[in-house]
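Inspection log for the structure reproduced underneath, given as structure tokens.
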Amino acid sequence: MSSEIVSLRPHRPIGLSRPRIMGIVNITPDSFSDGGDFLNLDDAIIRGADLMRAGAQIIDVGGESTRPGADRVPIRQEQLRVLPVIRGLVDRGIPVSVDTMNAATALAAAELGAVLINDVSGGLADEGMARVAAETGLHFLAMHWRGPSKTMSANAEYGNVLKDVRNELKLRVAELIVNGVRPDRIILDPGIGFAKTASQNWQLLSNLPALGTIGYPILIGASRKRFLGELLPETATTKDRDPATATISALAAQAGVWGVRVHDVAGTTAALDVWEAMQP
Ligand code: PMM
């Protein structure tokens with residue numbers, strides 16, 4: 001290979017490493033892409049183990065759908081769905097994250113051995129969440145959020161989506177730290193598809209390095225979301241969005257993200273293998 005080609009290659013920012021893959025197991029009858037698939041305990045555990053074999057580093061277990069328009073789920077019902085699955089996965093030595101907006105569920109998951117709290121409200125939905133994050137010392141993934149799924153589509157009003165999401169995430173960080181969450185435990189997520197139009201999602205995805213300059217690891221959750229469907233024929237299913245998701249995973253890797261949250265772990269593993277092989 002000529003030295004000219006080598007020198008023309010863009011420099012890889014220092015510290016850029018392969019993103020972690022968070023595999024999704026939703027135990028919900030109504031999640032938009034896998035709702036109802038893993039309601040049975042054994043199926044959910046097998047699914048989590050399969051996703052680990054396919055290349056995930058952590059399994060995200062959720063019991064409350066956050067698709068636009070979804071109603072909240074009673075906490076008791078959420079816990080009945082997620083806790084047995086978390087126990088089963090932890091028993092098999094699998095690192096687990098709990099996708100919940102409820103402090104009580106996060107605490108129960110922590111007691112079972114979950115290693116990360118994934119709160120799509122970033123601690124806004126439950127005032128006890130920051131304390132649970134602080135006291136358990138778990139990693140806390142704070143997503144950009146502008147209110148419950150039932151009404152969030154009406155909240156996609158931004159002066160400048162990148163600046164506003166950035167500022168609102170910085171506010172979250174400040175409040176989490178004031179409540180005792182250790183900065184080195186915080187991971188941020190711009191909340192693709194949450195109170196965002198398709199165009200706003202693309203603006204955020206095309207400016208990931210600007211989100212990284214907040215100073216915290218960034219995770220992206222674009223998997224199978226509706227805005228990807230707009231690139232496909234009308235007859236396409238949500239699973240048909242997997243190649244687009246995997247492409248975003250590779251591009252997000254190039255932008256230096258810490259992690260990607262996906263349903264199709266095998267597809268993203270392949271995409272990240274290609275990205276890694278292409279690194280200088
Ligand atoms: N998206 C969903 C659920 N949980 N968590 C994080 N951190 N980021 C996301 O983008 C996110 C999430 C909704 O998707 P699903 O219903 O397929 O799980």
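By convention here, the chains of the structure tokens are called A, B, ... in the order presented, each chain's residues are numbered starting at 1, and ligands are numbered starting at 1 in the order presented.
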Write out as a list in words the residues lying within 7 Å of Ala250 of chain A, counting only C-alpha atoms and excluding same-chain residues fewer than 3 positions away. Ala246, Thr247, Ala253, Gln254, Ala271, Leu272 and Trp275 of chain A
Find the spatial neighbours of Ser97 of chain A, counting only C-alpha atoms, within a cut-off of 8 Å - ignore same-chain residues fewer than 6 positions away - and output them as a VMD selection string. chain A and resid 58 to 61 114 to 118
Using the selection just defined, write its residues with N, CA and C atoms as a short mmCIF file (atom, residue, chain, number, x, y, z; two decimals), in the first residue's frame.
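In the end it all went to selection_22.cif:
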```
data_model
loop_
_atom_site.label_atom_id
_atom_site.label_comp_id
_atom_site.auth_asym_id
_atom_site.auth_seq_id
_atom_site.Cartn_x
_atom_site.Cartn_y
_atom_site.Cartn_z
N ILE A 58 -23.69 -6.83 26.64
CA ILE A 58 -24.63 -6.65 27.74
C ILE A 58 -26.05 -6.81 27.17
N ILE A 59 -26.96 -7.34 28.01
CA ILE A 59 -28.35 -7.52 27.57
C ILE A 59 -29.23 -6.54 28.33
N ASP A 60 -30.01 -5.77 27.57
CA ASP A 60 -30.90 -4.76 28.13
C ASP A 60 -32.31 -5.35 28.25
N VAL A 61 -32.79 -5.46 29.48
CA VAL A 61 -34.08 -6.11 29.72
C VAL A 61 -35.12 -5.05 30.09
N ALA A 114 -27.93 -6.79 38.30
CA ALA A 114 -27.81 -5.97 37.08
C ALA A 114 -26.63 -5.01 37.26
N VAL A 115 -25.98 -4.64 36.15
CA VAL A 115 -24.79 -3.79 36.26
C VAL A 115 -25.03 -2.38 35.73
N LEU A 116 -26.17 -2.17 35.10
CA LEU A 116 -26.42 -0.86 34.49
C LEU A 116 -27.92 -0.54 34.56
N ILE A 117 -28.23 0.72 34.88
CA ILE A 117 -29.62 1.18 34.83
C ILE A 117 -29.76 2.01 33.56
N ASN A 118 -30.68 1.59 32.70
CA ASN A 118 -30.96 2.32 31.46
C ASN A 118 -32.30 3.02 31.64
#
```
To check your reading of the model: which residues sit at most 8 Å from ligand 1 when counting only C-alpha atoms and all ligand atoms? Write the answer as a VMD selection string. chain A and resid 24 to 26 31 to 35 62 65 to 67 99 118 to 120 141 to 143 188 to 194 219 to 225 261 to 263
Residues within 12 Å of Glu230 of chain A, only C-alpha atoms, excluding chain neighbours under 2 positions, as a PDB file with N, CA, C and O atoms, in the first residue's frame:
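Result file is out.pdb:
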```
ATOM      1  N   THR A 197     -38.468  14.273  15.318  1.00  0.00           N
ATOM      2  CA  THR A 197     -38.922  13.916  13.976  1.00  0.00           C
ATOM      3  C   THR A 197     -37.799  13.144  13.286  1.00  0.00           C
ATOM      4  O   THR A 197     -36.658  13.105  13.775  1.00  0.00           O
ATOM      5  N   ALA A 198     -38.118  12.568  12.109  1.00  0.00           N
ATOM      6  CA  ALA A 198     -37.092  11.839  11.357  1.00  0.00           C
ATOM      7  C   ALA A 198     -35.913  12.757  11.060  1.00  0.00           C
ATOM      8  O   ALA A 198     -34.751  12.390  11.246  1.00  0.00           O
ATOM      9  N   SER A 199     -36.211  13.976  10.631  1.00  0.00           N
ATOM     10  CA  SER A 199     -35.129  14.897  10.278  1.00  0.00           C
ATOM     11  C   SER A 199     -34.282  15.241  11.511  1.00  0.00           C
ATOM     12  O   SER A 199     -33.052  15.354  11.423  1.00  0.00           O
ATOM     13  N   TRP A 202     -31.897  12.399  12.184  1.00  0.00           N
ATOM     14  CA  TRP A 202     -30.736  12.416  11.272  1.00  0.00           C
ATOM     15  C   TRP A 202     -29.760  13.518  11.658  1.00  0.00           C
ATOM     16  O   TRP A 202     -28.549  13.345  11.586  1.00  0.00           O
ATOM     17  N   ARG A 224     -34.178  -0.368  14.447  1.00  0.00           N
ATOM     18  CA  ARG A 224     -35.510  -0.649  13.892  1.00  0.00           C
ATOM     19  C   ARG A 224     -36.494   0.507  14.063  1.00  0.00           C
ATOM     20  O   ARG A 224     -37.699   0.292  13.950  1.00  0.00           O
ATOM     21  N   LYS A 225     -36.014   1.694  14.346  1.00  0.00           N
ATOM     22  CA  LYS A 225     -36.964   2.774  14.622  1.00  0.00           C
ATOM     23  C   LYS A 225     -37.632   3.281  13.342  1.00  0.00           C
ATOM     24  O   LYS A 225     -37.128   3.082  12.246  1.00  0.00           O
ATOM     25  N   ARG A 226     -38.771   3.935  13.568  1.00  0.00           N
ATOM     26  CA  ARG A 226     -39.669   4.296  12.471  1.00  0.00           C
ATOM     27  C   ARG A 226     -38.981   5.104  11.371  1.00  0.00           C
ATOM     28  O   ARG A 226     -39.255   4.929  10.188  1.00  0.00           O
ATOM     29  N   PHE A 227     -38.088   6.023  11.741  1.00  0.00           N
ATOM     30  CA  PHE A 227     -37.469   6.886  10.719  1.00  0.00           C
ATOM     31  C   PHE A 227     -36.654   6.071   9.720  1.00  0.00           C
ATOM     32  O   PHE A 227     -36.454   6.493   8.589  1.00  0.00           O
ATOM     33  N   LEU A 228     -36.194   4.868  10.134  1.00  0.00           N
ATOM     34  CA  LEU A 228     -35.465   4.007   9.198  1.00  0.00           C
ATOM     35  C   LEU A 228     -36.436   3.397   8.186  1.00  0.00           C
ATOM     36  O   LEU A 228     -36.085   3.165   7.031  1.00  0.00           O
ATOM     37  N   LEU A 232     -37.342   2.649   3.385  1.00  0.00           N
ATOM     38  CA  LEU A 232     -37.659   1.327   2.825  1.00  0.00           C
ATOM     39  C   LEU A 232     -39.033   1.327   2.158  1.00  0.00           C
ATOM     40  O   LEU A 232     -39.842   2.230   2.401  1.00  0.00           O
ATOM     41  N   PRO A 233     -39.300   0.306   1.351  1.00  0.00           N
ATOM     42  CA  PRO A 233     -40.638   0.215   0.744  1.00  0.00           C
ATOM     43  C   PRO A 233     -41.715   0.127   1.831  1.00  0.00           C
ATOM     44  O   PRO A 233     -41.442  -0.347   2.939  1.00  0.00           O
ATOM     45  N   GLU A 234     -42.928   0.563   1.484  1.00  0.00           N
ATOM     46  CA  GLU A 234     -44.017   0.582   2.475  1.00  0.00           C
ATOM     47  C   GLU A 234     -44.309  -0.789   3.061  1.00  0.00           C
ATOM     48  O   GLU A 234     -44.758  -0.912   4.198  1.00  0.00           O
ATOM     49  N   THR A 235     -44.053  -1.838   2.280  1.00  0.00           N
ATOM     50  CA  THR A 235     -44.371  -3.195   2.721  1.00  0.00           C
ATOM     51  C   THR A 235     -43.309  -3.765   3.670  1.00  0.00           C
ATOM     52  O   THR A 235     -43.474  -4.855   4.218  1.00  0.00           O
ATOM     53  N   ALA A 236     -42.211  -3.040   3.879  1.00  0.00           N
ATOM     54  CA  ALA A 236     -41.110  -3.571   4.712  1.00  0.00           C
ATOM     55  C   ALA A 236     -41.558  -3.745   6.156  1.00  0.00           C
ATOM     56  O   ALA A 236     -42.340  -2.952   6.680  1.00  0.00           O
ATOM     57  N   THR A 237     -41.050  -4.789   6.794  1.00  0.00           N
ATOM     58  CA  THR A 237     -41.356  -5.040   8.205  1.00  0.00           C
ATOM     59  C   THR A 237     -40.327  -4.313   9.082  1.00  0.00           C
ATOM     60  O   THR A 237     -39.324  -3.793   8.581  1.00  0.00           O
ATOM     61  N   THR A 238     -40.567  -4.323  10.404  1.00  0.00           N
ATOM     62  CA  THR A 238     -39.584  -3.670  11.284  1.00  0.00           C
ATOM     63  C   THR A 238     -38.231  -4.401  11.208  1.00  0.00           C
ATOM     64  O   THR A 238     -37.187  -3.765  11.264  1.00  0.00           O
ATOM     65  N   ASP A 240     -36.946  -5.671   8.660  1.00  0.00           N
ATOM     66  CA  ASP A 240     -36.271  -5.236   7.428  1.00  0.00           C
ATOM     67  C   ASP A 240     -35.423  -3.979   7.662  1.00  0.00           C
ATOM     68  O   ASP A 240     -34.650  -3.569   6.794  1.00  0.00           O
ATOM     69  N   ARG A 241     -35.572  -3.367   8.847  1.00  0.00           N
ATOM     70  CA  ARG A 241     -34.760  -2.177   9.161  1.00  0.00           C
ATOM     71  C   ARG A 241     -33.391  -2.547   9.734  1.00  0.00           C
ATOM     72  O   ARG A 241     -32.586  -1.674  10.034  1.00  0.00           O
ATOM     73  N   ALA A 244     -30.161  -1.264   7.866  1.00  0.00           N
ATOM     74  CA  ALA A 244     -29.971   0.182   8.113  1.00  0.00           C
ATOM     75  C   ALA A 244     -29.439   0.405   9.524  1.00  0.00           C
ATOM     76  O   ALA A 244     -28.550   1.242   9.756  1.00  0.00           O
TER      77      ALA A 244
END
```
Please provide the set of residues having any atom within 9 Å of Leu176 of chain A, restricted to only C-alpha atoms, with same-chain residues fewer than 6 positions apart removed, written as an NGL selection string. :A and (122-123 or 130-131 or 133-134 or 182-183 or 186)
Could you give me the residues within segment 72-118 of chain A that DSSP places in helix (DSSP H, G or I), as a ChimeraX atom specification? /A:75-91,103-112
Name all residues at most 9 Å from Ser17 of chain A (count only C-alpha atoms; drop same-chain ones fewer than 6 positions away) and give them as a ChimeraX atom specification. /A:253,256-258,276
Taking all heavy atoms for each residue, export the selection above as a PDB file, in the first residue's frame.
```
ATOM      1  N   ALA A 253     -19.747   4.021  15.239  1.00  0.00           N
ATOM      2  CA  ALA A 253     -18.410   3.611  15.706  1.00  0.00           C
ATOM      3  C   ALA A 253     -17.373   4.615  15.210  1.00  0.00           C
ATOM      4  O   ALA A 253     -16.486   5.055  15.952  1.00  0.00           O
ATOM      5  CB  ALA A 253     -18.079   2.213  15.196  1.00  0.00           C
ATOM      6  N   GLY A 256     -17.135   7.569  17.187  1.00  0.00           N
ATOM      7  CA  GLY A 256     -16.550   7.425  18.518  1.00  0.00           C
ATOM      8  C   GLY A 256     -17.521   7.092  19.630  1.00  0.00           C
ATOM      9  O   GLY A 256     -17.199   7.296  20.802  1.00  0.00           O
ATOM     10  N   VAL A 257     -18.721   6.556  19.295  1.00  0.00           N
ATOM     11  CA  VAL A 257     -19.667   6.280  20.382  1.00  0.00           C
ATOM     12  C   VAL A 257     -19.170   5.130  21.262  1.00  0.00           C
ATOM     13  O   VAL A 257     -18.373   4.297  20.851  1.00  0.00           O
ATOM     14  CB  VAL A 257     -21.102   5.956  19.878  1.00  0.00           C
ATOM     15  CG1 VAL A 257     -21.643   7.083  19.021  1.00  0.00           C
ATOM     16  CG2 VAL A 257     -21.167   4.617  19.191  1.00  0.00           C
ATOM     17  N   TRP A 258     -19.691   5.107  22.454  1.00  0.00           N
ATOM     18  CA  TRP A 258     -19.324   4.087  23.447  1.00  0.00           C
ATOM     19  C   TRP A 258     -20.113   2.804  23.233  1.00  0.00           C
ATOM     20  O   TRP A 258     -19.625   1.701  23.487  1.00  0.00           O
ATOM     21  CB  TRP A 258     -19.618   4.646  24.830  1.00  0.00           C
ATOM     22  CG  TRP A 258     -19.455   3.692  25.973  1.00  0.00           C
ATOM     23  CD1 TRP A 258     -18.313   3.483  26.683  1.00  0.00           C
ATOM     24  CD2 TRP A 258     -20.453   2.840  26.560  1.00  0.00           C
ATOM     25  NE1 TRP A 258     -18.543   2.542  27.676  1.00  0.00           N
ATOM     26  CE2 TRP A 258     -19.852   2.138  27.610  1.00  0.00           C
ATOM     27  CE3 TRP A 258     -21.813   2.615  26.280  1.00  0.00           C
ATOM     28  CZ2 TRP A 258     -20.542   1.222  28.397  1.00  0.00           C
ATOM     29  CZ3 TRP A 258     -22.512   1.700  27.056  1.00  0.00           C
ATOM     30  CH2 TRP A 258     -21.864   1.011  28.109  1.00  0.00           C
ATOM     31  N   GLU A 276     -13.938  -2.259  12.191  1.00  0.00           N
ATOM     32  CA  GLU A 276     -12.663  -2.475  12.886  1.00  0.00           C
ATOM     33  C   GLU A 276     -11.563  -2.863  11.898  1.00  0.00           C
ATOM     34  O   GLU A 276     -10.428  -2.388  12.002  1.00  0.00           O
ATOM     35  CB  GLU A 276     -12.842  -3.560  13.955  1.00  0.00           C
ATOM     36  CG  GLU A 276     -11.792  -3.482  15.017  1.00  0.00           C
ATOM     37  CD  GLU A 276     -12.104  -4.336  16.229  1.00  0.00           C
ATOM     38  OE1 GLU A 276     -13.151  -5.030  16.273  1.00  0.00           O
ATOM     39  OE2 GLU A 276     -11.282  -4.313  17.151  1.00  0.00           O
TER      40      GLU A 276
END
```
Where does segment 140-247 of chain A meet segment 73-87 of chain A within 12 Å, residue by residue, with the nearest atom pair and distance in Å to one decimal for each, counting only C-alpha atoms, listed by chain and rising number, as JSON lines?
```
{"residue": "A:Pro148", "atom": "CA", "partner": "A:Val73", "partner_atom": "CA", "distance": 11.5}
{"residue": "A:Ser149", "atom": "CA", "partner": "A:Val73", "partner_atom": "CA", "distance": 11.5}
{"residue": "A:Lys150", "atom": "CA", "partner": "A:Val73", "partner_atom": "CA", "distance": 11.7}
```
Fewer than 3 positions away in the same chain doesn't count, so skip those; otherwise give me all residues within 12 Å of segment 49-52 of chain A, counting only C-alpha atoms, as a ChimeraX atom specification. /A:20-25,42-46,55-60,85-86,88-96,261-269
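Atom CA of Lys170 of chain A sits 18.4 Å away from atom CA of Gln203 of chain A.
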In Å, rounded to a single decimal, give me how far atom CA of Gln200 of chain A is from atom CA of Thr213 of chain A. 19.0 Å
What does the distance between atom CA of Thr28 of chain A and atom CA of Trp145 of chain A come to in Å, to one decimal place?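 So the two atoms, atom CA of Thr28 of chain A and atom CA of Trp145 of chain A, lie 20.5 Å apart.
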Determine the nearest neighbour of Gly259 of chain A from the options A:Pro217, A:Gly180, A:Ser153, A:Arg185, counting only C-alpha atoms. A:Pro217
Counting only C-alpha atoms, the option among A:Leu251, A:Ile214, A:Ala156, A:Ile177 closest to Pro68 of chain A: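 Of A:Leu251, A:Ile214, A:Ala156, A:Ile177, the one nearest Pro68 of chain A is A:Ala156, counting only C-alpha atoms.
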Between A:Leu39, A:Ala252, A:Ala103, A:Ala54, which one has atoms that come closest to Asn207 of chain A, using only C-alpha atoms?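 Result for the nearest residue to Asn207 of chain A: A:Ala252.
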